[in-house]
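As structure tokens, the structure follows; a few thoughts come after it.
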Amino acid sequence: MYWTDLAFTEANFWTVYEDMLTFTDNNGNFINPKPDTIIYHPSITAEVRRFLMRPNSQQGLYETGAAGAAIDSVAPGVITNFIATPWLV
């Protein structure tokens, strides 16, 4: 698990994601995590969808841009579990 209070931006997402990939156990061995879940406050749902979800994804969400054009995800398929909860500080 990784907690951050950084703003949800592309640069911050990749910084945290790459940092998680370097987690080690007590002996210094890489544990090879598979970061596939994001827990976020509902107030940033639009940003999370726009950045991480593919159009017609398994979650059934579809984002559109100007004139209904599909928005291409910057990181499709990286995160497969999305949890929006207002219980974040």
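We label chains A, B, ... in the order they appear in the structure tokens, count residues from 1 in each chain, and number ligands from 1 in the order shown.
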
Spatial neighbours of A:Ala7, max dist 12 Å, only C-alpha atoms, sep filter under 6 positions, as a list in words: Phe13, Thr15, Val16, Tyr40, His41, Ser43, Ile44, Glu47 and Val48 of chain A

Output the selection as a PDB file, in the first residue's frame - N, CA and C atoms for each residue.
ATOM      1  N   PHE A  13       1.397  10.434 -10.608  1.00  0.00           N
ATOM      2  CA  PHE A  13       0.962   9.043 -10.705  1.00  0.00           C
ATOM      3  C   PHE A  13       2.142   8.140 -11.054  1.00  0.00           C
ATOM      4  N   THR A  15       5.339   8.710 -10.770  1.00  0.00           N
ATOM      5  CA  THR A  15       6.342   8.724  -9.703  1.00  0.00           C
ATOM      6  C   THR A  15       5.976   7.709  -8.626  1.00  0.00           C
ATOM      7  N   VAL A  16       4.730   7.741  -8.182  1.00  0.00           N
ATOM      8  CA  VAL A  16       4.279   6.810  -7.146  1.00  0.00           C
ATOM      9  C   VAL A  16       4.287   5.383  -7.675  1.00  0.00           C
ATOM     10  N   TYR A  40      -9.360   6.587  -4.165  1.00  0.00           N
ATOM     11  CA  TYR A  40      -9.315   8.035  -4.335  1.00  0.00           C
ATOM     12  C   TYR A  40     -10.598   8.669  -3.805  1.00  0.00           C
ATOM     13  N   HIS A  41     -10.525   9.957  -3.552  1.00  0.00           N
ATOM     14  CA  HIS A  41     -11.689  10.713  -3.102  1.00  0.00           C
ATOM     15  C   HIS A  41     -12.611  10.954  -4.304  1.00  0.00           C
ATOM     16  N   SER A  43     -14.131  13.392  -5.278  1.00  0.00           N
ATOM     17  CA  SER A  43     -13.989  14.713  -5.905  1.00  0.00           C
ATOM     18  C   SER A  43     -13.035  14.708  -7.092  1.00  0.00           C
ATOM     19  N   ILE A  44     -12.212  13.665  -7.238  1.00  0.00           N
ATOM     20  CA  ILE A  44     -11.295  13.611  -8.386  1.00  0.00           C
ATOM     21  C   ILE A  44     -11.661  12.494  -9.365  1.00  0.00           C
ATOM     22  N   GLU A  47     -10.893  13.179 -13.088  1.00  0.00           N
ATOM     23  CA  GLU A  47      -9.465  13.096 -13.417  1.00  0.00           C
ATOM     24  C   GLU A  47      -9.000  11.647 -13.485  1.00  0.00           C
ATOM     25  N   VAL A  48      -9.440  10.831 -12.528  1.00  0.00           N
ATOM     26  CA  VAL A  48      -9.043   9.415 -12.503  1.00  0.00           C
ATOM     27  C   VAL A  48      -9.562   8.706 -13.750  1.00  0.00           C
TER      28      VAL A  48
END

Within 8 Å of stretch 78-89 of chain A, counting only C-alpha atoms, which residues show up once you throw out same-chain ones fewer than 4 positions away? Write them as an MDAnalysis selection string, please. chainID A and resid 35:42 45 52

Would you mind exporting the chosen residues as a PDB file, in the first residue's frame, restricted to N, CA and C atoms?
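Writing done, so here's out_1.pdb:
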ATOM      1  N   PRO A  35       0.940  -3.155  -8.677  1.00  0.00           N
ATOM      2  CA  PRO A  35       0.001  -2.080  -8.328  1.00  0.00           C
ATOM      3  C   PRO A  35      -1.146  -2.029  -9.331  1.00  0.00           C
ATOM      4  N   ASP A  36      -2.336  -2.451  -8.901  1.00  0.00           N
ATOM      5  CA  ASP A  36      -3.474  -2.494  -9.815  1.00  0.00           C
ATOM      6  C   ASP A  36      -4.741  -1.866  -9.239  1.00  0.00           C
ATOM      7  N   THR A  37      -4.629  -1.268  -8.051  1.00  0.00           N
ATOM      8  CA  THR A  37      -5.792  -0.694  -7.390  1.00  0.00           C
ATOM      9  C   THR A  37      -5.508   0.754  -7.001  1.00  0.00           C
ATOM     10  N   ILE A  38      -6.490   1.613  -7.228  1.00  0.00           N
ATOM     11  CA  ILE A  38      -6.366   3.001  -6.794  1.00  0.00           C
ATOM     12  C   ILE A  38      -7.582   3.330  -5.929  1.00  0.00           C
ATOM     13  N   ILE A  39      -7.313   3.941  -4.794  1.00  0.00           N
ATOM     14  CA  ILE A  39      -8.354   4.402  -3.889  1.00  0.00           C
ATOM     15  C   ILE A  39      -8.260   5.923  -3.877  1.00  0.00           C
ATOM     16  N   TYR A  40      -9.360   6.587  -4.165  1.00  0.00           N
ATOM     17  CA  TYR A  40      -9.315   8.035  -4.335  1.00  0.00           C
ATOM     18  C   TYR A  40     -10.598   8.669  -3.805  1.00  0.00           C
ATOM     19  N   HIS A  41     -10.525   9.957  -3.552  1.00  0.00           N
ATOM     20  CA  HIS A  41     -11.689  10.713  -3.102  1.00  0.00           C
ATOM     21  C   HIS A  41     -12.611  10.954  -4.304  1.00  0.00           C
ATOM     22  N   PRO A  42     -13.925  10.862  -4.114  1.00  0.00           N
ATOM     23  CA  PRO A  42     -14.856  11.069  -5.230  1.00  0.00           C
ATOM     24  C   PRO A  42     -14.701  12.414  -5.946  1.00  0.00           C
ATOM     25  N   THR A  45     -12.898  12.034  -9.296  1.00  0.00           N
ATOM     26  CA  THR A  45     -13.340  10.942 -10.164  1.00  0.00           C
ATOM     27  C   THR A  45     -13.117  11.250 -11.645  1.00  0.00           C
ATOM     28  N   LEU A  52      -6.905   7.162 -16.369  1.00  0.00           N
ATOM     29  CA  LEU A  52      -6.628   5.734 -16.235  1.00  0.00           C
ATOM     30  C   LEU A  52      -7.569   4.791 -16.953  1.00  0.00           C
TER      31      LEU A  52
END

Closest of A:Phe8, A:Pro33, A:Arg49, A:Trp3 to A:Met20, counting only C-alpha atoms, is A:Pro33

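Here the question is which of A:Leu21, A:Leu6, A:Ala11, A:Met1 gets nearest to A:Lys34 using only C-alpha atoms, and that residue is A:Leu21.
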
Expected answer as a list in words: strand (DSSP E or B) residues in stretch 12-60 of chain A: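 Restricting stretch 12-60 of chain A to strand (DSSP E or B) produces Thr24, Phe30, Thr37, Ile38, Ile39 and Tyr40 of chain A.
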
Write the selection just made, keeping C-alpha atoms, as a short mmCIF file (atom, residue, chain, number, x, y, z; two decimals), in the first residue's frame?
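Written output follows (result-v2.cif):
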data_model
loop_
_atom_site.label_atom_id
_atom_site.label_comp_id
_atom_site.auth_asym_id
_atom_site.auth_seq_id
_atom_site.Cartn_x
_atom_site.Cartn_y
_atom_site.Cartn_z
CA THR A 24 11.79 -4.51 -1.02
CA PHE A 30 12.49 -6.81 -4.51
CA THR A 37 -5.79 -0.69 -7.39
CA ILE A 38 -6.37 3.00 -6.79
CA ILE A 39 -8.35 4.40 -3.89
CA TYR A 40 -9.32 8.03 -4.34
#
